[in-house]
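Engineer: Sharing a structure with you now.
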Protein chains: 4
Amino acid sequence: MTFKVGIVGATGYGGGEVLRLCAGHPAFELRYVGGGSSAGQRLGDHYPGLSKYADLVIERWDPDGVPDLDLLFVSLPTGESAGSVARPPDRLKVVDIGGDHRFAEGWTYGLTELWPERIAGATRVADPGCYPAATLLALAPLVAEGLIEPTGIVADAKSGVSGAGRGGGSTFGFADVNEDVAAYGLLQHTHLPEMREALSRLAGRAASLTFTPHLVPMTRGILATCYGRGSATTEQALEAARRYYAGRPFVRVVDRPPHTKWALGSNLAFISYAADPAAGVVIALGAVDNLGKGAAGQAVQNANLMLGLPETAGLEGAPLWP
Amino acid sequence: MTFKVGIVGATGYGGGEVLRLCAGHPAFELRYVGGGSSAGQRLGDHYPGLSKYADLVIERWDPDGVPDLDLLFVSLPTGESAGSVARPPDRLKVVDIGGDHRFAEGWTYGLTELWPERIAGATRVADPGCYPAATLLALAPLVAEGLIEPTGIVADAKSGVSGAGRGGGSTFGFADVNEDVAAYGLLQHTHLPEMREALSRLAGRAASLTFTPHLVPMTRGILATCYGRGSATTEQALEAARRYYAGRPFVRVVDRPPHTKWALGSNLAFISYAADPAAGVVIALGAVDNLGKGAAGQAVQNANLMLGLPETAGLEGAPLWP
Amino acid sequence: MTFKVGIVGATGYGGGEVLRLCAGHPAFELRYVGGGSSAGQRLGDHYPGLSKYADLVIERWDPDGVPDLDLLFVSLPTGESAGSVARPPDRLKVVDIGGDHRFAEGWTYGLTELWPERIAGATRVADPGCYPAATLLALAPLVAEGLIEPTGIVADAKSGVSGAGRGGGSTFGFADVNEDVAAYGLLQHTHLPEMREALSRLAGRAASLTFTPHLVPMTRGILATCYGRGSATTEQALEAARRYYAGRPFVRVVDRPPHTKWALGSNLAFISYAADPAAGVVIALGAVDNLGKGAAGQAVQNANLMLGLPETAGLEGAPLWP
Amino acid sequence: MTFKVGIVGATGYGGGEVLRLCAGHPAFELRYVGGGSSAGQRLGDHYPGLSKYADLVIERWDPDGVPDLDLLFVSLPTGESAGSVARPPDRLKVVDIGGDHRFAEGWTYGLTELWPERIAGATRVADPGCYPAATLLALAPLVAEGLIEPTGIVADAKSGVSGAGRGGGSTFGFADVNEDVAAYGLLQHTHLPEMREALSRLAGRAASLTFTPHLVPMTRGILATCYGRGSATTEQALEAARRYYAGRPFVRVVDRPPHTKWALGSNLAFISYAADPAAGVVIALGAVDNLGKGAAGQAVQNANLMLGLPETAGLEGAPLWP
């Protein structure tokens with residue numbers, strides 16, 4: 001059985017990764033590709049290696065004229081999907097990779113591993129941001145099981161440059177970004193409310209965290225290094241995570257600091273812990289590919305559940321190494 | 001129907017890529033992993049993302065004690081496979097990714113697109129080197145169809161650092177190699193005889209070329225920029241290549257300069273041409289992933305043909321972008 | 001007036017940077033270069049661009065046979081300088097860039113800006129580690145002025161690969177390290193005691209911190225992102241730092257997140273702050289070139305003061321951009 | 001004695017490097033900085049590490065209102081300096097780093113080492129392009145001494161991304177350019193006429209070459225690998241170059257393939273040769289920093305000669321390593 005799927009925003013980095021995953025998906029039939037300024041162009045001109053869809057032509061995205069599909073992936077810059085995406089008819093399932101519908105009314109928050117039972121029945125799922133994916137996967141077991149206080153958490157995250165999206169302009173020009181590390185968006189990053197909300201739900205009371213994103217000179221990958229207050233040991237933290245993620249196919253709990261490269265090109269998330277009970281500190285580490293578990297892989301995982309497919313369909317490719 | 005395969009040298013970059021491709025191959029059942037200093041270790045310790053084979057233990061490679069397999073991939077540093085690999089029983093098919101058996105007696109040269117008909121019946125196939133793969137795929141149509149002279153060719157190639165293999169030591173340390181480009185092995189690179197031999201066969205007479213390899217600061221990818229003498233036009237060169245590679249699933253003839261990144265993680269090769277008939281110069285460009293079409297992808301492609309499988313089995317994954 | 005200086009360990013990254021700075025120093029005359037396995041080689045073979053010293057030959061380092069010098073820079077891997085360096089005669093001033101003498105008896109801790117008055121009269125100065133340089137410069141004003149608690153500090157630091165030194169082997173090979181971020185040495189990094197000691201001195205009572213180093217894919221640069229508990233505002237933190245570093249020529253207090261690249265090739269340190277008084281959190285950021293203010297630049301700055309020279313002699317070169 | 005200098009286009013990469021060199025120059029007093037969209041801004045906002053000029057304000061560039069200066073550096077995108085720069089009064093010496101006046105009437109071509117005697121008396125000097133600097137320095141001795149034919153030369157050049165200038169946009173975005181190598185501008189690069197003209201002058205007859213530029217993922221550096229026809233030996237080529245560049249302070253003739261990194265941040269050029277007399281091929285290699293000898297360093301070198309200063313004034317800083 002196959003499902004008809006479509007993608008809006010396929011020339012961005014996140015949309016392009018959805019395309020790649022669709023091309024290898026056993027049950028997806030790509031029927032529609034929508035865009036804005038790229039409308040009218042062939043996909044093959046954008047993605048010379050994506051032979052399967054080379055002759056598909058990008059159509060101008062019009063929320064009132066969506067073709068007959070089972071599911072639509074929306075990968076538009078935050079701010080551009082709100083409103084327009086709400087209009088597709090209810091029979092069309094939607095996964096929004098952008099940031100407009102996270103914890104919005106009528107939308108299910110799609111960090112699958114946290115509340116997987118909600119995804120299956122949903123028709124509108126909002127993918128988490130790439131930073132929240134890495135951060136929440138590392139913190140969730142600790143917060144849910146009460147191993148750290150849900151307040152006063154520090155999340156220090158390092159992202160590759162593709163996380164900024166394709167239209168970044170000279171701010172993300174190679175010569176400026178290469179051989180440089182810097183923090184940005186101090187105390188005010190757009191992903192902060194989403195993380196606070198998710199942690200509060202997990203804790204059952206108001207959570208608070210300080211979140212600092214950093215740009216590092218690589219293309220893909222996010223590492224979140226989180227610091228919580230609690231007296232758990234390293235082994236207790238690892239055990240809690242192994243229980244929490246038992247049976248979840250994409251989360252690997254490991255006993256050494258994870259490398260972002262372990263996840264390159266895959267939907268995997270690697271998490272680990274190190275605790276100093278004397279100091280009352282638990283370090284939680286989460287590593288993902290920001291375009292995989294942090295965007296397109298996560299979106300396909302949600303789509304699989306929404307369509308009644310195996311969770312891992314089309315997502316079993318092993319990461320690239322080196 | 002499945003075939004039992006094994007890999008010798010699976011902790012190197014080329015062998016690791018064979019592992020990754022085997023994990024996604026519909027007809028390969030990995031039964032054996034051999035190594036030297038890594039014998040006794042779990043594959044999962046080397047490749048945290050390669051879940052499928054995590055518990056497979058590396059055995060000490062012994063050419064006299066090869067288990068019952070249909071096909072063995074050998075990915076050892078050049079110089080280490082000669083002799084030992086010749087000993088496996090004839091019923092065991094062998095693809096040697098290393099450099100010891102190219103144009104050697106009893107071995108078929110496995111740049112599939114050049115002489116595909118020879119691969120199917122072979123039991124011993126020697127993969128081409130990564131530089132020859134990119135260079136020969138670009139030059140073959142021109143030389144075979146007489147559009148350039150087979151002598152006096154210049155091949156100027158640029159390779160990512162993984163081409164040097166994993167045991168490179170501090171010569172290939174990040175801080176030394178990053179932000180640097182240099183040529184090496186001037187006039188004496190080990191891949192030169194192989195290219196000369198292949199071009200001579202294609203031309204039907206003695207070919208000669210000057211080959212200059214360069215190291216560039218990236219992990220994967222090879223671009224060969226070749227210069228031949230001839231009066232063909234750009235369009236004639238492109239047409240010749242389109243004819244020459246008609247029906248070949250992994251070679252893309254494109255009409256603009258190819259990027260190595262177009263092939264990242266795939267078995268694709270992109271080739272293009274630009275000619276200046278007034279000057280009598282034809283430029284041929286070939287771009288591959290040195291670990292894909294330049295090593296492991298090429299090896300699996302050969303294995304498919306040797307085992308009677310579709311040429312593209314397990315090799316249909318689209319390249320990673322960006 | 002010129003001073004005769006020497007360097008032990010000049011073929012490492014830190015020692016090489018001392019060489020570069022000596023070549024441009026108005027008052028240093030390089031008379032001696034010592035090494036181990038590199039003894040007998042010309043400096044020009046190691047540093048093709050260092051024309052000034054091309055013909056200087058590396059001598060075998062022997063602590064009992066140090067020639068007549070005013071000052072010796074020692075840049076040996078931690079563990080190799082202890083003992084041997086203690087033996088040079090007292091009239092020979094020593095700056096140890098390695099890690100063996102930080103807060104050791106008879107040695108002055110050489111993070112110049114913290115206790116500059118102690119450097120001038122010292123004959124044995126131990127350079128701070130590269131991580132402590134970035135971390136302590138950012139934290140010192142807050143701790144010294146009581147704007148944050150000296151306990152429970154989190155320091156999350158990101159370093160370029162040259163910080164691991166030249167002999168790193170394949171662990172720091174390009175293909176492994178490129179396109180990857182990871183933490184290491186969780187809760188046990190060798191620089192931790194040094195930072196705790198310095199912060200305790202500044203606070204006047206026992207300080208404690210959690211320190212997590214990370215490797216990022218760039219050659220040079222360290223960014224320390226530190227989190228302290230306190231109710232100061234951003235402006236109060238910035239003001240405290242401006243006061244604390246008033247007149248210090250190499251520390252720049254800036255009002256936006258600093259980039260490591262701003263310091264590339266220089267002895268500059270950039271620090272900044274962002275505070276959330278409601279949450280009781282102050283973020284302190286410090287960015288340096290790990291081979292500049294984090295090693296060789298810092299060493300020359302100390303040497304200048306020890307020899308009665310202007311603090312900035314030979315260190316006024318502007319950073320490279322881009 | 002000091003000279004009053006100014007810079008137009010100081011927020012671009014080339015202009016920024018001129019600023020850095022002026023800041024360390026013993027005889028230059030920077031009096032004027034002109035720009036377009038950046039007019040009114042402080043230099044310190046663009047270059048946080050360039051303390052010396054932090055408070056200098058960028059003025060709107062107006063060729064009719066140039067202040068009283070001894071020499072003006074013009075670093076505008078090619079196409080923008082033609083005309084406007086011709087207007088400054090004759091008493092104002094001009095070095096144009098952009099591409100509008102190379103081999104133009106009234107302008108001296110400023111690849112200093114080729115025709116140094118012409119620079120001293122000139123009031124209008126056009127810097128060579130970055131590709132021609134690397135290519136011509138490698139080829140000049142061979143062509144001038146008749147060791148290779150001046151026709152049919154192949155120059156295959158690899159450049160870091162800063163060579164494309166600061167305003168490149170998303171084409172040069174990090175995620176697109178990183179981990180990629182590609183050729184561009186086949187058979188039609190803008191620097192080709194300049195190289196042909198210079199080689200023809202050196203040969204005394206019409207020269208011809210095929211030039212292929214490539215973009216490689218690094219910030220700075222150009223390597224030109226050139227192939228000429230001739231029967232010289234490697235040693236003859238090296239000897240010719242040593243004679244040709246005898247006494248020239250910035251050109252290093254070396255006997256192994258040069259690395260671009262050897263020149264990083266300096267005005268040095270490294271050249272080398274390898275010949276195959278049996279095949280009649282001579283390989284000439286030239287490595288420079290595209291912003292050093294390929295732009296700003298070259299400009300300061302010319303300015304020194306035009307003003308009667310020592311050729312090396314302000315250019316003696318050793319390259320950064322690593």
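Going by the structure tokens order, chains are called A, B, ..., each with residues numbered from 1, while ligands are numbered from 1 in the order shown.
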Set the distance at 8 Å and use only C-alpha atoms: which residues neighbour Ala279 of chain A once local chain neighbours fewer than 2 positions away are removed? I'd like the list as a list in words.
Structural biologist: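 Near neighbours after the sequence-gap exclusion: Ser231, Asp276, Pro277 and Val281 of chain A; Gly152 of chain C.
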Engineer: Which residues come within 6 Å of Ala155 of chain B, counting only C-alpha atoms, excluding same-chain residues fewer than 4 positions away, as a ChimeraX atom specification?
Structural biologist: /B:211,225-226
Engineer: Would you write out those residues with all heavy atoms, as a PDB file, in the first residue's frame?
Structural biologist:
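out37.pdb, written as the output of this step:
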```
ATOM      1  N   PHE B 211      49.559  12.955 -14.289  1.00  0.00           N
ATOM      2  CA  PHE B 211      48.515  12.921 -13.258  1.00  0.00           C
ATOM      3  C   PHE B 211      49.033  13.603 -11.989  1.00  0.00           C
ATOM      4  O   PHE B 211      50.103  13.275 -11.499  1.00  0.00           O
ATOM      5  CB  PHE B 211      48.137  11.468 -12.955  1.00  0.00           C
ATOM      6  CG  PHE B 211      47.250  11.317 -11.749  1.00  0.00           C
ATOM      7  CD1 PHE B 211      45.945  11.818 -11.764  1.00  0.00           C
ATOM      8  CD2 PHE B 211      47.713  10.698 -10.596  1.00  0.00           C
ATOM      9  CE1 PHE B 211      45.132  11.693 -10.654  1.00  0.00           C
ATOM     10  CE2 PHE B 211      46.902  10.572  -9.477  1.00  0.00           C
ATOM     11  CZ  PHE B 211      45.609  11.070  -9.504  1.00  0.00           C
ATOM     12  N   THR B 225      39.881  16.988 -13.035  1.00  0.00           N
ATOM     13  CA  THR B 225      39.786  17.945 -14.135  1.00  0.00           C
ATOM     14  C   THR B 225      40.843  17.534 -15.151  1.00  0.00           C
ATOM     15  O   THR B 225      42.030  17.602 -14.853  1.00  0.00           O
ATOM     16  CB  THR B 225      40.050  19.376 -13.634  1.00  0.00           C
ATOM     17  OG1 THR B 225      39.268  19.610 -12.463  1.00  0.00           O
ATOM     18  CG2 THR B 225      39.712  20.402 -14.696  1.00  0.00           C
ATOM     19  N   CYS B 226      40.376  17.087 -16.324  1.00  0.00           N
ATOM     20  CA  CYS B 226      41.304  16.498 -17.290  1.00  0.00           C
ATOM     21  C   CYS B 226      41.354  17.347 -18.553  1.00  0.00           C
ATOM     22  O   CYS B 226      40.354  17.939 -18.956  1.00  0.00           O
ATOM     23  CB  CYS B 226      40.853  15.083 -17.656  1.00  0.00           C
ATOM     24  SG  CYS B 226      40.512  14.042 -16.226  1.00  0.00           S
TER      25      CYS B 226
END
```
Engineer: Do a neighbour search on Pro249 of chain D at 9 Å with only C-alpha atoms, toss out local chain neighbours closer than 4 positions, and write the hits as a compact mmCIF listing (two decimals) with all heavy atoms, in the first residue's frame.
Structural biologist:
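selection.txt, freshly written:
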```
# COMPACT_ATOMS: atom_id res chain seq x y z
N TYR D 245 64.16 34.93 -9.49
CA TYR D 245 63.67 35.59 -8.28
C TYR D 245 64.78 35.91 -7.28
O TYR D 245 64.50 36.20 -6.11
CB TYR D 245 62.59 34.74 -7.61
CG TYR D 245 61.33 34.64 -8.46
CD1 TYR D 245 60.87 33.42 -8.93
CD2 TYR D 245 60.61 35.78 -8.79
CE1 TYR D 245 59.73 33.33 -9.72
CE2 TYR D 245 59.47 35.70 -9.58
CZ TYR D 245 59.03 34.48 -10.03
OH TYR D 245 57.90 34.41 -10.82
N LEU D 268 53.93 36.11 1.19
CA LEU D 268 54.85 35.16 0.55
C LEU D 268 54.18 34.42 -0.61
O LEU D 268 52.96 34.21 -0.62
CB LEU D 268 55.34 34.14 1.57
CG LEU D 268 56.22 34.68 2.70
CD1 LEU D 268 56.53 33.59 3.71
CD2 LEU D 268 57.51 35.29 2.15
N GLU D 311 60.78 47.70 0.16
CA GLU D 311 59.73 46.86 -0.40
C GLU D 311 59.01 46.04 0.66
O GLU D 311 57.82 45.73 0.54
CB GLU D 311 60.38 45.91 -1.43
CG GLU D 311 59.43 45.12 -2.27
CD GLU D 311 60.17 44.38 -3.38
OE1 GLU D 311 61.40 44.60 -3.53
OE2 GLU D 311 59.54 43.60 -4.09
N THR D 312 59.72 45.70 1.73
CA THR D 312 59.15 44.79 2.73
C THR D 312 58.48 45.50 3.90
O THR D 312 57.97 44.83 4.81
CB THR D 312 60.25 43.88 3.30
OG1 THR D 312 61.27 44.73 3.86
CG2 THR D 312 60.86 42.99 2.23
```
Engineer: Identify, on the basis of only C-alpha atoms, every residue whose closest approach to segment 295-303 of chain B does not exceed 8 Å; exclude the query and any residue fewer than 2 positions from it along the same chain; express the result as a VMD selection string.
Structural biologist: chain B and resid 14 to 15 17 to 18 21 71 73 95 to 97 110 to 112 119 to 120 125 127 to 130 266 to 267 290 to 293 305 to 307 311 to 315
Engineer: Please report as a VMD selection string which residues of chain D come no farther than 7 Å from chain B, using only C-alpha atoms.
Structural biologist: chain D and resid 175 to 176 179 to 184 186 216 to 219 223 257 to 261 274 322
Engineer: Dump all heavy atoms for the selected residues as a short mmCIF file (atom, residue, chain, number, x, y, z; two decimals), in the first residue's frame?
Structural biologist:
```cif
data_model
loop_
_atom_site.label_atom_id
_atom_site.label_comp_id
_atom_site.auth_asym_id
_atom_site.auth_seq_id
_atom_site.Cartn_x
_atom_site.Cartn_y
_atom_site.Cartn_z
N ALA D 175 26.94 26.08 4.19
CA ALA D 175 26.42 24.72 4.01
C ALA D 175 26.49 24.26 2.56
O ALA D 175 26.60 23.07 2.28
CB ALA D 175 24.98 24.62 4.53
N ASP D 176 26.44 25.20 1.62
CA ASP D 176 26.56 24.82 0.22
C ASP D 176 28.01 24.55 -0.18
O ASP D 176 28.29 23.63 -0.95
CB ASP D 176 26.01 25.94 -0.69
CG ASP D 176 24.51 25.92 -0.81
OD1 ASP D 176 23.83 25.84 0.23
OD2 ASP D 176 23.99 26.00 -1.94
N GLU D 179 32.60 21.07 2.27
CA GLU D 179 32.64 19.68 1.80
C GLU D 179 32.30 19.57 0.32
O GLU D 179 31.59 18.65 -0.10
CB GLU D 179 31.66 18.81 2.63
CG GLU D 179 32.09 18.62 4.06
CD GLU D 179 33.30 17.70 4.16
OE1 GLU D 179 33.18 16.52 3.82
OE2 GLU D 179 34.37 18.19 4.57
N ASP D 180 32.83 20.48 -0.46
CA ASP D 180 32.56 20.46 -1.90
C ASP D 180 33.74 21.04 -2.66
O ASP D 180 34.41 21.96 -2.19
CB ASP D 180 31.31 21.30 -2.20
CG ASP D 180 30.90 21.24 -3.67
OD1 ASP D 180 30.96 20.13 -4.24
OD2 ASP D 180 30.53 22.28 -4.23
N VAL D 181 34.00 20.49 -3.82
CA VAL D 181 34.95 21.08 -4.75
C VAL D 181 34.29 21.11 -6.11
O VAL D 181 33.63 20.14 -6.51
CB VAL D 181 36.25 20.24 -4.84
CG1 VAL D 181 37.13 20.73 -5.98
CG2 VAL D 181 37.04 20.33 -3.55
N ALA D 182 34.44 22.21 -6.82
CA ALA D 182 33.91 22.30 -8.18
C ALA D 182 34.72 23.30 -8.97
O ALA D 182 35.29 24.25 -8.42
CB ALA D 182 32.44 22.70 -8.17
N ALA D 183 34.75 23.09 -10.28
CA ALA D 183 35.31 24.08 -11.20
C ALA D 183 34.21 25.08 -11.56
O ALA D 183 33.03 24.82 -11.34
CB ALA D 183 35.82 23.40 -12.46
N TYR D 184 34.61 26.22 -12.06
CA TYR D 184 33.61 27.19 -12.53
C TYR D 184 34.24 28.06 -13.62
O TYR D 184 35.46 28.07 -13.78
CB TYR D 184 33.07 28.04 -11.37
CG TYR D 184 34.08 28.96 -10.73
CD1 TYR D 184 34.18 30.30 -11.08
CD2 TYR D 184 34.94 28.48 -9.75
CE1 TYR D 184 35.10 31.14 -10.47
CE2 TYR D 184 35.87 29.31 -9.15
CZ TYR D 184 35.95 30.64 -9.52
OH TYR D 184 36.87 31.46 -8.91
N LEU D 186 34.46 27.87 -16.78
CA LEU D 186 35.29 27.14 -17.73
C LEU D 186 35.53 27.94 -19.00
O LEU D 186 34.60 28.42 -19.64
CB LEU D 186 34.62 25.81 -18.10
CG LEU D 186 34.45 24.81 -16.95
CD1 LEU D 186 33.77 23.55 -17.47
CD2 LEU D 186 35.78 24.47 -16.31
N VAL D 216 37.53 25.64 -3.46
CA VAL D 216 37.72 24.58 -2.46
C VAL D 216 37.30 25.11 -1.09
O VAL D 216 37.34 26.31 -0.84
CB VAL D 216 39.18 24.07 -2.42
CG1 VAL D 216 39.58 23.50 -3.75
CG2 VAL D 216 40.13 25.15 -1.98
N PRO D 217 36.87 24.21 -0.20
CA PRO D 217 36.30 24.66 1.07
C PRO D 217 37.34 25.09 2.10
O PRO D 217 37.60 24.39 3.07
CB PRO D 217 35.50 23.43 1.54
CG PRO D 217 36.16 22.26 0.90
CD PRO D 217 36.74 22.75 -0.38
N MET D 218 37.91 26.25 1.86
CA MET D 218 38.78 26.87 2.86
C MET D 218 38.61 28.37 2.69
O MET D 218 38.06 28.84 1.69
CB MET D 218 40.24 26.43 2.67
CG MET D 218 40.85 26.81 1.36
SD MET D 218 42.56 26.16 1.27
CE MET D 218 43.11 26.93 -0.26
N THR D 219 39.07 29.13 3.64
CA THR D 219 38.83 30.57 3.61
C THR D 219 39.84 31.29 2.72
O THR D 219 39.46 32.09 1.87
CB THR D 219 38.88 31.13 5.04
OG1 THR D 219 37.85 30.51 5.80
CG2 THR D 219 38.65 32.64 5.04
N LEU D 223 46.20 27.80 -4.92
CA LEU D 223 47.25 26.99 -5.49
C LEU D 223 47.01 26.90 -6.99
O LEU D 223 45.92 26.51 -7.42
CB LEU D 223 47.25 25.57 -4.91
CG LEU D 223 48.29 24.62 -5.51
CD1 LEU D 223 49.71 25.03 -5.11
CD2 LEU D 223 48.03 23.18 -5.08
N PRO D 257 56.24 20.05 -3.27
CA PRO D 257 54.99 20.76 -3.61
C PRO D 257 54.57 21.71 -2.50
O PRO D 257 54.44 21.30 -1.34
CB PRO D 257 53.98 19.62 -3.78
CG PRO D 257 54.78 18.40 -4.06
CD PRO D 257 56.08 18.59 -3.32
N PRO D 258 54.38 22.98 -2.81
CA PRO D 258 54.04 23.96 -1.77
C PRO D 258 52.60 23.81 -1.28
O PRO D 258 51.72 23.41 -2.04
CB PRO D 258 54.23 25.30 -2.48
CG PRO D 258 54.01 24.99 -3.92
CD PRO D 258 54.49 23.59 -4.14
N HIS D 259 52.39 24.16 -0.03
CA HIS D 259 51.07 24.18 0.59
C HIS D 259 50.59 25.63 0.66
O HIS D 259 51.35 26.51 1.03
CB HIS D 259 51.15 23.61 2.01
CG HIS D 259 51.38 22.14 2.06
ND1 HIS D 259 50.47 21.25 2.58
CD2 HIS D 259 52.41 21.39 1.63
CE1 HIS D 259 50.93 20.03 2.49
NE2 HIS D 259 52.12 20.07 1.92
N THR D 260 49.32 25.83 0.37
CA THR D 260 48.79 27.20 0.48
C THR D 260 48.93 27.72 1.91
O THR D 260 49.11 28.91 2.13
CB THR D 260 47.31 27.27 0.08
OG1 THR D 260 46.54 26.42 0.93
CG2 THR D 260 47.11 26.85 -1.36
N LYS D 261 48.84 26.80 2.86
CA LYS D 261 48.88 27.21 4.26
C LYS D 261 50.23 27.80 4.67
O LYS D 261 50.33 28.51 5.66
CB LYS D 261 48.57 25.99 5.13
CG LYS D 261 48.09 26.33 6.52
CD LYS D 261 47.53 25.08 7.16
CE LYS D 261 46.95 25.36 8.51
NZ LYS D 261 46.04 24.28 8.92
N ALA D 274 58.19 20.34 -11.16
CA ALA D 274 58.51 18.93 -11.36
C ALA D 274 58.39 18.69 -12.85
O ALA D 274 57.38 19.05 -13.47
CB ALA D 274 57.53 18.04 -10.61
N PRO D 322 49.42 26.54 12.95
CA PRO D 322 48.59 26.02 11.85
C PRO D 322 47.36 26.92 11.69
O PRO D 322 47.14 27.79 12.48
CB PRO D 322 48.19 24.66 12.35
CG PRO D 322 48.10 24.82 13.83
CD PRO D 322 49.11 25.85 14.22
#
```
Engineer: Would you mind writing down, as an MDAnalysis selection string, each residue of segment 168-296 of chain C that DSSP on the backbone assigns to helix (DSSP H, G or I)?
Structural biologist: chainID C and resid 169:172 174:177 192:203 234:244 260:263 292:296
Engineer: So which residues of segment 4-224 of chain A fall under strand (DSSP E) by DSSP, listed as a PyMOL selection string?
Structural biologist: chain A and resi 4-8+28-35+59-60+71-74+93-96+108-109+124-126+153-159+182-183+209-215+222-224
Engineer: Near Glu145 of chain B, counting only C-alpha atoms, which residues have an atom at most 9 Å away, once you skip same-chain residues fewer than 5 positions from it, shown as a ChimeraX atom specification?
Structural biologist: /B:140,202-203,240,244
Engineer: Please provide the set of residues having any atom within 7 Å of Lys4 of chain D, restricted to only C-alpha atoms, with same-chain residues fewer than 5 positions apart removed, written as a list of chain:residue names.
Structural biologist: D:Phe28, D:Glu29, D:Leu30, D:Arg31, D:Leu69, D:Asp70, D:Leu71
Engineer: Give me, as a list of chain:residue names, all polymer residues having an atom no more than 8 Å from Thr78 of chain A, counting only C-alpha atoms and skipping those fewer than 6 positions away in the same chain.
Structural biologist: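 Within the cut-off, the hits are A:Gly98, A:Gly99, A:Asp100.
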Engineer: Selection from above, C-alpha atoms, as a PDB file, in the first residue's frame, can you write it?
Structural biologist:
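Wrote part.pdb, looks like this:
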```
ATOM      1  CA  GLY A  98       8.532  24.939  10.467  1.00  0.00           C
ATOM      2  CA  GLY A  99       8.030  26.708  13.763  1.00  0.00           C
ATOM      3  CA  ASP A 100       4.544  28.134  13.538  1.00  0.00           C
TER       4      ASP A 100
END
```
Engineer: As an exercise, work out the distance from atom CA of Leu147 of chain D to atom CA of Thr233 of chain D in Å and give it to one decimal place.
Structural biologist: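 Computed distance, atom CA of Leu147 of chain D to atom CA of Thr233 of chain D, equals 9.3 Å.
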